[in-house]
$ cat model_3.txt   # compact mmCIF, C-alpha atoms
# COMPACT_ATOMS: atom_id res chain seq x y z
CA MET A 1 108.83 71.66 99.04
CA GLU A 2 111.87 70.20 97.31
CA PHE A 3 114.96 68.49 98.69
CA ILE A 4 118.62 69.32 98.13
CA VAL A 5 121.37 66.73 98.29
CA ALA A 6 124.21 67.69 100.65
CA LYS A 7 126.56 66.26 103.25
CA CYS A 8 126.53 66.69 107.02
CA PRO A 9 129.56 68.85 107.96
CA ASN A 10 129.91 66.85 111.20
CA CYS A 11 129.69 63.19 110.21
CA GLY A 12 129.82 63.37 106.41
CA GLY A 13 126.53 61.53 106.04
CA GLU A 14 124.56 62.17 102.86
CA LEU A 15 121.47 64.27 103.51
CA ARG A 16 118.37 65.36 101.63
CA LEU A 17 117.69 68.82 103.00
CA PRO A 18 114.34 70.62 102.55
CA ASP A 19 114.97 73.77 100.49
CA ASP A 20 112.54 75.87 102.53
CA GLN A 21 114.25 75.32 105.89
CA LYS A 22 117.20 77.22 107.34
CA GLN A 23 118.34 74.51 109.77
CA VAL A 24 117.69 70.77 110.28
CA LYS A 25 119.15 67.96 112.42
CA CYS A 26 121.36 65.34 110.81
CA MET A 27 119.53 61.98 110.86
CA TYR A 28 122.81 60.19 111.56
CA CYS A 29 124.51 62.20 114.30
CA GLY A 30 121.91 64.73 115.42
CA PHE A 31 124.13 67.67 114.45
CA ASP A 32 122.33 70.97 113.67
CA VAL A 33 122.92 71.46 109.97
CA LEU A 34 122.59 74.93 108.41
CA VAL A 35 121.06 74.25 105.00
CA ARG A 36 122.74 77.08 103.03
CA GLU A 37 126.19 76.49 104.52
CA SER A 38 125.94 72.75 103.98
CA VAL A 39 124.98 73.22 100.34
CA ASN A 40 127.85 75.67 99.78
CA GLN A 41 130.33 73.15 101.21
CA THR A 42 129.04 70.36 98.98
CA PRO A 43 130.50 69.93 95.46
CA VAL A 44 128.62 72.24 93.12
CA SER A 45 125.28 70.92 91.89
CA VAL A 46 123.45 72.98 89.26
CA GLU A 47 120.23 71.26 90.32
CA ASN A 48 120.73 72.45 93.89
CA LEU A 49 121.44 75.99 92.74
CA LEU A 50 118.27 75.99 90.62
CA LYS A 51 116.21 74.83 93.60
CA LEU A 52 117.69 77.49 95.85
CA GLY A 53 117.09 80.14 93.19
CA ALA A 54 113.48 79.05 92.75
CA THR A 55 112.91 79.11 96.52
CA ALA A 56 114.39 82.61 96.79
CA ALA A 57 112.19 83.81 93.93
CA ARG A 58 109.03 82.41 95.58
CA THR A 59 109.83 84.36 98.75
CA ASN A 60 110.60 87.56 96.78
CA ASN A 61 114.32 87.46 97.59
CA HIS A 62 115.08 88.56 94.04
CA GLN A 63 118.75 89.47 94.49
CA GLU A 64 119.40 86.10 96.12
CA ALA A 65 117.55 84.36 93.28
CA TYR A 66 119.57 86.33 90.73
CA ASP A 67 122.82 85.29 92.42
CA TYR A 68 121.90 81.58 92.53
CA PHE A 69 120.82 81.48 88.88
CA THR A 70 123.96 83.38 87.86
CA ARG A 71 126.10 80.85 89.72
CA ALA A 72 124.24 77.96 88.04
CA LEU A 73 125.03 79.48 84.64
CA GLU A 74 128.73 79.54 85.50
CA TYR A 75 128.62 75.73 85.42
CA ASP A 76 125.95 75.26 82.74
CA THR A 77 125.84 78.26 80.42
CA ALA A 78 122.93 76.93 78.35
CA ASN A 79 120.64 75.91 81.23
CA TYR A 80 117.27 77.28 80.15
CA LEU A 81 115.81 77.27 83.66
CA ALA A 82 118.71 79.31 85.00
CA LEU A 83 118.51 81.69 82.03
CA LEU A 84 114.79 82.26 82.52
CA GLY A 85 115.08 82.51 86.31
CA LYS A 86 117.85 85.10 86.04
CA ALA A 87 115.86 87.15 83.50
CA ILE A 88 112.76 87.12 85.70
CA ALA A 89 114.83 88.13 88.74
CA THR A 90 116.32 90.96 86.67
CA ILE A 91 112.83 92.24 85.83
CA ALA A 92 112.03 92.32 89.56
CA LEU A 93 115.28 94.17 90.32
CA MET A 94 115.03 96.83 87.60
CA ASP A 95 114.44 100.48 88.50
CA SER A 96 114.43 103.85 86.74
CA LYS A 97 118.19 104.26 87.19
CA ASN A 98 119.09 100.77 85.97
CA LEU A 99 116.58 99.30 83.54
CA ARG A 100 118.76 96.36 82.42
CA THR A 101 116.36 95.74 79.53
CA THR A 102 119.05 94.33 77.23
CA GLU A 103 119.95 91.73 79.86
CA ILE A 104 116.26 90.83 80.22
CA VAL A 105 115.57 90.48 76.50
CA GLU A 106 118.73 88.50 75.75
CA GLY A 107 118.19 86.25 78.78
CA ILE A 108 114.62 85.36 77.81
CA LYS A 109 115.60 84.75 74.18
CA ALA A 110 118.41 82.44 75.29
CA ALA A 111 116.07 80.58 77.65
CA VAL A 112 113.60 79.94 74.83
CA GLU A 113 116.30 78.94 72.34
CA ASN A 114 117.89 76.47 74.78
CA SER A 115 114.66 74.98 76.10
CA PRO A 116 113.45 71.52 75.02
CA THR A 117 110.75 71.58 72.37
CA GLY A 118 108.13 70.35 74.82
CA GLU A 119 108.97 73.15 77.29
CA ARG A 120 109.22 76.03 74.85
CA ASP A 121 105.58 77.15 74.93
CA ARG A 122 105.57 77.14 78.73
CA ILE A 123 108.74 79.23 78.85
CA LYS A 124 107.27 81.75 76.40
CA LYS A 125 104.04 81.99 78.38
CA GLN A 126 105.89 82.55 81.65
CA ALA A 127 108.02 85.26 80.03
CA VAL A 128 104.95 87.03 78.63
CA GLU A 129 103.16 86.92 81.98
CA THR A 130 106.19 88.29 83.82
CA ILE A 131 106.72 91.14 81.35
CA SER A 132 103.01 92.02 81.23
CA THR A 133 102.60 92.17 85.00
CA SER A 134 105.85 93.96 85.87
CA VAL A 135 105.12 97.21 87.71
CA MET A 136 108.28 98.90 86.41
CA ILE A 137 107.53 97.98 82.80
CA ARG A 138 104.06 99.46 83.21
CA VAL A 139 105.38 102.68 84.73
CA LEU A 140 108.56 103.47 82.78
CA ASN A 141 108.94 104.64 79.19
CA SER A 142 112.02 103.94 77.09
CA MET A 143 113.09 102.18 73.93
CA GLY A 144 114.31 99.29 76.11
CA ILE A 145 110.87 98.93 77.71
CA ILE A 146 109.30 98.91 74.24
CA GLU A 147 111.72 96.14 73.21
CA CYS A 148 110.68 94.03 76.22
CA LEU A 149 107.03 94.36 75.21
CA GLU A 150 107.89 93.62 71.59
CA LEU A 151 109.51 90.38 72.72
CA ALA A 152 106.29 89.47 74.56
CA HIS A 153 104.36 90.31 71.38
CA SER A 154 106.59 88.00 69.33
CA TYR A 155 105.51 85.13 71.62
CA GLU A 156 101.81 86.11 71.62
CA PRO A 157 101.26 88.02 68.36
CA GLN A 158 97.46 87.83 68.62
CA ASN A 159 97.27 89.41 72.08
CA PRO A 160 95.74 92.90 71.58
CA GLU A 161 96.55 93.99 75.14
CA ILE A 162 100.28 93.65 74.51
CA ILE A 163 100.06 95.63 71.27
CA SER A 164 98.03 98.30 73.06
CA SER A 165 100.73 98.52 75.75
CA ILE A 166 103.41 98.90 73.07
CA LEU A 167 101.49 101.77 71.45
CA VAL A 168 101.08 103.58 74.76
CA LYS A 169 104.82 103.27 75.43
CA ILE A 170 105.66 104.51 71.92
CA LYS A 171 103.35 107.49 72.38
CA ASN A 172 104.85 108.44 75.74
CA TYR A 173 108.45 108.00 74.65
CA ALA A 174 107.89 109.89 71.38
CA SER A 175 106.38 112.77 73.35
CA SER A 176 109.50 112.91 75.53
CA LEU A 177 111.70 112.92 72.45
CA ARG A 178 109.71 115.72 70.80
CA SER A 179 110.02 117.82 73.92
CA ALA A 180 113.77 117.15 73.99
CA ILE A 181 114.12 118.07 70.31
CA LYS A 182 112.39 121.43 70.85
CA MET A 183 114.67 122.22 73.77
CA LEU A 184 117.76 121.24 71.79
CA GLU A 185 116.79 123.32 68.77
CA LYS A 186 116.36 126.36 70.98
CA THR A 187 119.60 125.85 72.90
CA ILE A 188 121.52 125.38 69.64
CA ALA A 189 120.04 128.61 68.29
CA MET A 190 121.04 130.41 71.49
CA SER A 191 124.57 129.01 71.34
CA GLU A 192 125.01 130.16 67.75
CA THR A 193 124.31 133.77 68.77
CA SER A 194 126.71 133.72 71.73
CA PRO A 195 130.40 132.93 71.02
CA SER A 196 131.01 132.08 74.68
CA LEU A 197 128.43 129.29 74.43
CA SER A 198 129.72 127.81 71.18
CA THR A 199 131.35 124.88 72.99
CA PHE A 200 127.86 123.44 73.58
CA ILE A 201 126.91 123.30 69.90
CA ASP A 202 128.64 120.06 68.82
CA GLY A 203 127.34 118.09 71.80
CA ASP A 204 123.81 119.43 71.37
CA ARG A 205 123.84 118.66 67.64
CA ASN A 206 124.83 115.05 68.36
CA LEU A 207 122.03 114.78 70.92
CA LEU A 208 119.60 116.28 68.41
CA LYS A 209 120.66 113.73 65.80
CA SER A 210 120.11 110.87 68.27
CA ALA A 211 116.73 112.24 69.35
CA ASN A 212 115.53 112.60 65.76
CA LYS A 213 116.71 109.06 64.97
CA GLY A 214 114.79 107.74 67.98
CA LEU A 215 111.70 109.65 66.93
CA ALA A 216 111.86 108.20 63.42
CA ILE A 217 112.02 104.70 64.92
CA CYS A 218 109.01 105.49 67.13
CA ASP A 219 106.99 106.80 64.19
CA SER A 220 107.76 103.66 62.17
CA LYS A 221 106.85 101.36 65.05
CA TRP A 222 103.66 103.35 65.69
CA SER A 223 102.36 102.78 62.16
CA ASP A 224 103.35 99.11 62.24
CA TYR A 225 101.62 98.30 65.52
CA VAL A 226 98.49 100.32 64.74
CA SER A 227 98.14 98.20 61.59
CA LYS A 228 98.65 95.00 63.58
CA LEU A 229 96.09 96.02 66.17
CA ARG A 230 93.60 96.99 63.47
CA GLY A 231 93.82 93.46 62.06
CA ILE A 232 93.14 91.90 65.47
CA ASN A 233 90.79 94.33 67.22
CA PRO A 234 89.55 97.21 65.02
CA ASN A 235 87.63 98.85 67.86
CA MET A 236 90.70 99.00 70.09
CA ALA A 237 92.79 100.24 67.15
CA GLU A 238 90.43 103.21 66.69
CA LEU A 239 91.71 104.60 69.99
CA PHE A 240 95.14 105.02 68.41
CA ILE A 241 94.51 105.57 64.70
CA ASP A 242 93.76 109.29 65.05
CA GLU A 243 96.95 109.89 67.03
CA ALA A 244 99.60 109.83 64.30
CA GLY A 245 103.06 109.84 65.78
CA ASN A 246 103.97 113.24 64.32
CA GLU A 247 100.90 114.83 65.94
CA LEU A 248 101.82 113.99 69.53
CA GLU A 249 102.81 117.48 70.62
CA LEU A 250 103.56 118.75 74.11
CA GLU A 251 102.74 122.30 75.10
CA LYS A 252 105.47 124.68 74.01
CA ARG A 253 107.85 125.82 76.71
CA ASN A 254 109.58 129.17 76.98
CA ILE A 255 113.27 128.38 77.38
CA ALA A 256 114.38 131.80 78.55
CA SER A 257 112.66 135.05 79.40
CA LYS A 258 113.54 138.17 77.48
CA VAL A 259 116.12 139.84 79.66
CA GLY A 260 119.14 141.78 78.52
CA GLY A 261 122.85 141.98 79.14
CA THR A 262 124.81 139.65 81.39
CA GLY A 263 121.65 138.38 83.08
CA CYS A 264 120.43 136.95 79.78
CA LEU A 265 123.77 135.23 79.12
CA ILE A 266 123.82 133.61 82.57
CA THR A 267 120.19 132.52 82.24
CA ILE A 268 120.83 130.96 78.84
CA SER A 269 123.95 129.15 80.09
CA ILE A 270 122.07 127.64 83.02
CA LEU A 271 119.16 126.57 80.84
CA ILE A 272 121.48 124.94 78.32
CA LEU A 273 123.09 122.90 81.08
CA ILE A 274 119.71 121.88 82.51
CA SER A 275 118.20 121.01 79.15
CA THR A 276 121.26 119.02 78.06
CA SER A 277 121.25 116.90 81.23
CA THR A 278 117.50 116.33 80.87
CA ILE A 279 117.86 115.24 77.24
CA LEU A 280 120.74 112.90 78.08
CA PHE A 281 118.50 111.27 80.70
CA VAL A 282 115.71 110.76 78.14
CA LEU A 283 118.03 109.32 75.49
CA CYS A 284 119.71 106.96 77.94
CA LEU A 285 116.44 105.37 79.04
$ encode --input "model_3.txt" --output "C-alpha cells"
Amino acid sequence: MEFIVAKCPNCGGELRLPDDQKQVKCMYCGFDVLVRESVNQTPVSVENLLKLGATAARTNNHQEAYDYFTRALEYDTANYLALLGKAIATIALMDSKNLRTTEIVEGIKAAVENSPTGERDRIKKQAVETISTSVMIRVLNSMGIIECLELAHSYEPQNPEIISSILVKIKNYASSLRSAIKMLEKTIAMSETSPSLSTFIDGDRNLLKSANKGLAICDSKWSDYVSKLRGINPNMAELFIDEAGNELELEKRNIASKVGGTGCLITISILILISTSTILFVLCL
C-alpha cells in the first residue's frame, strides 16, 4: 500500500491517503474524505497519478490505469513509468477491432529510452513479460503483432521462445495473405471479362499490390528468424526449416460456380464485394 498526498476538502489539512481505499476520515476534523475526489481537487502531482495508475492496473481496471498514466504524461511527457504503464494498459485493452500495436511499440520504446540506466534492464524485462503473456498477442495475427514480438526479441535476442512465436505469427499471417492474393487474382480476372464490373479493377489491383508487398516482407522475415533460431536452438529450428514461406499454401477455393447468364454476373458481383471486404480486413490487421 502506498500513500497519496492530498488536502482535506473540509478543513484544508494535509493528508496522506492510502491509495487502495475509497474513503477515509480526516485526522484533523473527522470529515469523510473520498480519496479520488480529494486527489482530483489537489494541485496536480505526477507522483500521485502514477500511484493511482499503478493501483488501477493491479486491480485490472485497465482503462482507469490508461487514463491516469495518460494524464501524468500531460505534465511530464518523458516520464518512463507513465510511458511503460500506459503501454502495458494498452496491451490489456487491445482487441481484434483495435490492435493499437503502433501505440504499444512506440510507448515501450520511449519508456526504455527515457529510463535511467539502472532501471533500463528492468523496464525491458517487464515489457518482454507483458508482451509474451498477452492473450491477444498470442491469439491474433497481423504485421503489428509481429512487430510487438520483434520488439520483445530485440530486448531478449537469445530467447528461442520469442523467436518461435514470431515464426508462428509470420506463418499464419503469410497464409492469410496468400489466400487473399488468390482471391484477388480471381476477382480481377472476372472483372476484366465483365465491363460492368470494371470499376472494381483499380481497387483490387492496389489491394493485390499491398498483399504481395506484405508477403515479401513475411518471406524475408521468415528466413531471417529461422536463421536466428538455428543459431540458438537447432532442434527447435528444425520445426520451421522445412516450411519455406513460399510453400505455405491454403487449400484452393472455388470463387464462383459455373452458372450462366445474369445469375453468373450477380454471383460474381457478390463474391467480389465479399472478397474485397475480407482482404481489406486482413491488410488492415
$ residues_around --input "model_3.txt" --residues "stretch 137-152 of chain A" --least-positions-apart "5" --cutoff "10 Å" --atoms "all atoms listed in the file" --output "PyMOL selection string"
chain A and resi 91-92+94-96+99-102+104-106+108-109+124-132+157+159+162-163+165-174+176+214+217-218+221+225+282-285
$ atom_distance --input "model_3.txt" --atom1 "atom CA of A:Leu49" --atom2 "atom CA of A:Ile123"
19.1 Å
$ closest_residue --input "model_3.txt" --among "A:Ala189, A:Lys7, A:Ser45, A:Leu52" --to "A:Met27" --atoms "all atoms listed in the file"
A:Lys7
$ residues_around --input "model_3.txt" --residues "stretch 81-87 of chain A" --least-positions-apart "4" --cutoff "7 Å" --atoms "only C-alpha atoms" --output "number ranges by chain"
A: 50, 66, 69-70, 72-73, 91, 104, 107-108, 110-111
$ atom_distance --input "model_3.txt" --atom1 "atom CA of A:Asp76" --atom2 "atom CA of A:Gly53"
14.5 Å
$ atom_distance --input "model_3.txt" --atom1 "atom CA of A:Phe240" --atom2 "atom CA of A:Glu156"
20.3 Å
$ closest_residue --input "model_3.txt" --among "A:Ile181, A:Ala89, A:Cys26, A:Ala57" --to "A:Ser210" --atoms "only C-alpha atoms"
A:Ile181
$ residues_around --input "model_3.txt" --residues "stretch 17-24 of chain A" --least-positions-apart "3" --cutoff "8 Å" --atoms "all atoms listed in the file" --output "count of residues only"
14
$ closest_residue --input "model_3.txt" --among "A:Pro116, A:Pro234, A:Pro160, A:Gly30" --to "A:Asn79" --atoms "only C-alpha atoms"
A:Pro116
